[in-house]
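*Asks:* Have a look at this one before I ask anything.
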Amino acid sequence: MSVSDDPALSRDDVAYLAGLARIDLTDAELDHLAPQLGVILDSVAVVGEVADADIPPMSHAVPTSNVFRADEVRPGLTHEEALSGAPQEEQQRFSVPRILTEEA
Amino acid sequence: MSSEDDLTRLSATELAERLAAGDTTSVQATQAHLDRIADVDGNVHAFLHVDVDGALEQADAVDRRRADGELLHPLAGVPIAVKDLLATKGMPTTCGSRMLEGWIPPYDATVVERLRAAGLPILGKTNMDEFAMGSSTEHSAYGPTRNPWDLGRIPGGSGGGSAAAVAAYEAPLAIGTDTGGSIRQPGAVTGTVGVKPTYGGVSRYGLVALASSLDQAGPVTRTVRDAALLHDLIGGHDPRDSTSIDAPVPPVLDALDGDLTGLRVGVVTELGGEGYQPGVRARFEESLELLTKAGAEIVEVSCPSFTKALAAYYLILPSEASSNLARFDAMRFGLRVGPEGVDAPSAEQVMAATRAAGFGSEVKRRIILGTYALSSGYYDAYYGSAQKVRTLISREFDAAFGRTDVLVSPTTPTTAFEFGAKLDDPLAMYLNDVATIPANLAGVPGLSLPIGLADEDGLPSGLQVLAPAMADDRLYRVGSVLERLLEEQWGGPLLGRAPELASSTGVGR
């Protein structure tokens with residue numbers, strides 16, 4: 001596998017992206033991923049050939065819009081069912097770690 | 001153990017006939033498959049979970065319904081395996097990931113609901129690449145599935161478990177999902193049949209989303225007729241999936257064993273030739289000759305943008321996946337782990353530590369790739385351009401289907417490769433799906449069927465049939481005729497030539 005001399009993504013770039021994606025990467029993972037992502041990005045760059053062309057973008061195979069269904073009351077999940085996979089629960093609610101920083 | 005009396009060797013159609021005639025019961029058929037799983041799955045590892053009690057209970061229930069004279073679905077009582085990507089109430093659903101280890105959904109996917117209503121006992125959940133990202137099952141967090149033709153080789157992916165289960169006679173039917181080839185590519189390399197219906201043809205409700213604009217569930221079987229029966233059962237409109245097509249299922253059963261006279265079959269120049277293994281090409285050429293003899297007219301068509309399909313796919317898929325997989329945030333379900341050495345960690349720290357521990361390397365790779373492709377400043381160059389390529393591919397399909405009724409190509413460039421061969425070379429792995437990806441991007445249906453063994457390695461290769469959206473019946477029209485002509489030449493199904501699997505009894509599960 002050839003690695004580009006001027007990688008599209010540096011190790012720091014990958015660390016930054018991992019932060020955005022909320023994934024803690026180890027040093028070893030960063031060393032491994034950065035060159036691999038560079039190779040992948042080099043190979044997908046071919047789509048850039050149509051970047052300036054006047055072609056409508058396609059986001060979906062079957063264009064649909066305003067899909068409605070009848071507004072009818074139907075049974076949903078019970079409290080027990082909804083919470084059945086919860087890592088932690090309290091008073092029939094999802095219990096989560098603190099969402100604010102201490103010093104804030 | 002290949003006698004006529006072995007219920008596991010029957011096609012789903014044959015088994016259904018015996019059930020309807022009262023020659024056997026669903027409990028007997030289900031037990032036979034559970035025994036087979038117990039016997040060989042220690043070697044094949046097609047299943048992540050086997051539901052012995054649940055399957056037998058469902059079998060007993062359908063036997064009672066039959067005894068009561070109830071009018072049943074043709075496949076009632078025929079057991080089935082379900083890919084671990086579909087939510088199954090009361091049964092673990094892990095997607096091959098540590099992130100969902102032990103998660104038991106509180107609801108059924110629509111496809112699963114339809115299987116249960118029709119009385120198909122669910123044998124268990126099949127192995128897959130983590131969150132359907134891969135072409136070999138080597139990215140499953142629970143270890144790979146092995147190809148029944150050669151236990152040292154991959155069964156394809158991501159749905160390698162479903163294909164291997166069917167190829168190893170552990171199940172007559174299975175459900176797969178196909179985002180870039182995950183039904184068709186495993187079908188090709190295991191000598192089985194796999195169908196990706198038209199996008200929107202089968203409900204996505206209860207499928208754990210990989211790339212929502214590409215994902216589609218479909219049949220995994222040993223015969224084309226079995227696939228049509230299963231397609232007819234699981235297809236059709238579902239108000240719980242806003243992308244579900246509100247139209248009847250295409251007439252897939254009526255299409256079986258039709259006449260190919262005058263049918264225009266397009267061979268796509270860009271899906272063949274260089275990079276395709278000689279044995280795969282040879283079997284493909286022979287199949288074209290058979291189609292010609294059956295009255296079809298072979299036309300060469302060029303779809304130049306297909307050469308950019310792989311690139312567009314590996315921008316669109318990671319982009320959608322990075323967004324879809326944001327739901328695994330350690331808050332409401334799935335894994336939760338705290339960062340090491342942090343007192344009272346924040347939700348954000350727990351999230352990042354959990355995703356580090358719960359996701360495997362390929363999932364991390366694609367999430368980061370998608371995060372990059374969607375990030376400000378790069379969006380137009382990457383994701384935006386990929387969406388333009390998608391338009392071009394869709395237009396080229398339209399143009400090709402203006403001149404032809406169906407398109408064909410080899411399903412995969414090569415036969416099954418050995419474990420480890422491409423594991424750390426993502427690009428080489430991605431190339432396995434080069435012929436199957438265009439159909440997902442355009443939303444058109446595709447079927448893969450076995451067309452023989454490659455000379456150089458004696459392993460199965462497949463042919464892919466593609467049809468216009470909602471013309472899924474054409475896949476079955478071509479597939480059933482080609483299957484019959486090939487089996488006449490072979491003197492039986494291709495799977496009959498697969499080596500007998502050694503018993504793994506004694507190997508712990």
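In the structure tokens, each chain is lettered A, B, ... as it comes, each chain's residues begin at 1, and ligands are numbered from 1 in order of appearance.
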Mind running chain A against chain B at 6 Å and telling me each contacting residue's nearest atom pair with the distance in Å (one decimal), counting only C-alpha atoms, chain and number ascending, as a tab-separated table?
*Replies:*
residue	atom	partner	partner_atom	distance
A:Arg22	CA	B:Ala352	CA	4.4
A:Ile23	CA	B:Ala352	CA	4.4
A:Asp24	CA	B:Ala356	CA	5.2
A:Val44	CA	B:Ala311	CA	4.2
A:Val47	CA	B:Ser385	CA	5.6
A:Gly48	CA	B:Ser385	CA	5.9
A:Ala51	CA	B:Ser385	CA	5.0
A:Ile55	CA	B:Lys388	CA	5.8
A:Pro57	CA	B:Lys388	CA	4.5
A:Met58	CA	B:Gln387	CA	5.0
A:His60	CA	B:Ser213	CA	5.5
A:Ala61	CA	B:Gly443	CA	4.8
A:Val67	CA	B:Ser242	CA	6.0
A:Glu81	CA	B:Pro106	CA	5.5
A:Gly85	CA	B:Phe333	CA	4.5
A:Ala86	CA	B:Phe333	CA	4.5
A:Pro87	CA	B:Phe333	CA	6.0
A:Val96	CA	B:Met331	CA	6.0
A:Pro97	CA	B:Ala347	CA	4.7
A:Arg98	CA	B:Ser346	CA	5.0
A:Ile99	CA	B:Ala347	CA	5.3
*Asks:* I need the residues in chain A that are strand (DSSP E or B) according to DSSP; give them as a ChimeraX atom specification.
*Replies:* /A:89-90,93-94,98
*Asks:* List the neighbours of segment 201-209 of chain B out to 8 Å using only C-alpha atoms; skip same-chain residues closer than 2 positions along the sequence, and give me the result as a ChimeraX atom specification.
*Replies:* /B:85-87,95,107-111,131,197-199,211-212,215-218,234-238,240-241,244-245,249,321,324-325,470
*Asks:* For Arg65 of chain B, work out the shell of residues within 12 Å, counting only C-alpha atoms and skipping chain neighbours fewer than 2 positions away, then give it as a ChimeraX atom specification.
*Replies:* /B:20,25-26,58-63,67-73,76-77,117-119
*Asks:* May I have the residues within 9 Å of Asp257 of chain B as JSON, numbers by chain, using only C-alpha atoms and disregarding those fewer than 5 positions away in the same chain?
*Replies:* {"B": [476, 477, 478, 479, 480, 481, 484]}
*Asks:* Once you have the residues from the selection above, write them out as a compact mmCIF listing (two decimals), in the first residue's frame, restricted to N, CA, C and O atoms.
*Replies:*
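Dumped everything to result38.txt:
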# COMPACT_ATOMS: atom_id res chain seq x y z
N TYR B 476 -35.96 -12.11 -11.33
CA TYR B 476 -36.36 -13.50 -11.15
C TYR B 476 -36.62 -14.20 -12.48
O TYR B 476 -36.39 -15.39 -12.63
N ARG B 477 -37.08 -13.43 -13.45
CA ARG B 477 -37.31 -13.99 -14.78
C ARG B 477 -35.98 -14.50 -15.35
O ARG B 477 -35.87 -15.63 -15.80
N VAL B 478 -34.96 -13.65 -15.29
CA VAL B 478 -33.64 -14.03 -15.82
C VAL B 478 -32.99 -15.06 -14.90
O VAL B 478 -32.45 -16.07 -15.36
N GLY B 479 -33.04 -14.81 -13.59
CA GLY B 479 -32.35 -15.69 -12.64
C GLY B 479 -32.87 -17.11 -12.67
O GLY B 479 -32.08 -18.07 -12.64
N SER B 480 -34.20 -17.28 -12.75
CA SER B 480 -34.75 -18.64 -12.69
C SER B 480 -34.40 -19.43 -13.95
O SER B 480 -34.10 -20.62 -13.89
N VAL B 481 -34.40 -18.77 -15.10
CA VAL B 481 -34.05 -19.47 -16.34
C VAL B 481 -32.57 -19.84 -16.35
O VAL B 481 -32.20 -20.98 -16.65
N ARG B 484 -31.85 -22.72 -14.03
CA ARG B 484 -32.29 -24.02 -14.57
C ARG B 484 -31.32 -24.52 -15.62
O ARG B 484 -30.91 -25.69 -15.60
*Asks:* Neighbours of Val50 of chain B within 9 Å (only C-alpha atoms; same-chain residues fewer than 6 positions away dropped), as a VMD selection string?
*Replies:* chain B and resid 34 37 122 to 126
*Asks:* Excluding Glu80 of chain A and its own-chain neighbours fewer than 2 positions away, which residues fall within 12 Å of it when counting only C-alpha atoms? Please give them as a ChimeraX atom specification.
*Replies:* /A:76-78,82-86,89-94 /B:105-106
*Asks:* Between atom CA of Asp254 of chain B and atom CA of Asp473 of chain B, what distance in Å does the model show, to one decimal?
*Replies:*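 Between atom CA of Asp254 of chain B and atom CA of Asp473 of chain B the gap is 7.9 Å.
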*Asks:* Let's see if you can do this: from backbone DSSP, list all helix (DSSP H, G or I) residues in chain A, as a ChimeraX atom specification.
*Replies:* /A:11-20,27-50,79-82
*Asks:* Using only C-alpha atoms, pick whichever of B:Gly273, B:Ala282, B:Arg98, B:Ala421 has the shortest atom-to-atom distance to Ser135 of chain B.
*Replies:*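 Of B:Gly273, B:Ala282, B:Arg98, B:Ala421, the one nearest Ser135 of chain B, counting only C-alpha atoms, is B:Ala421.
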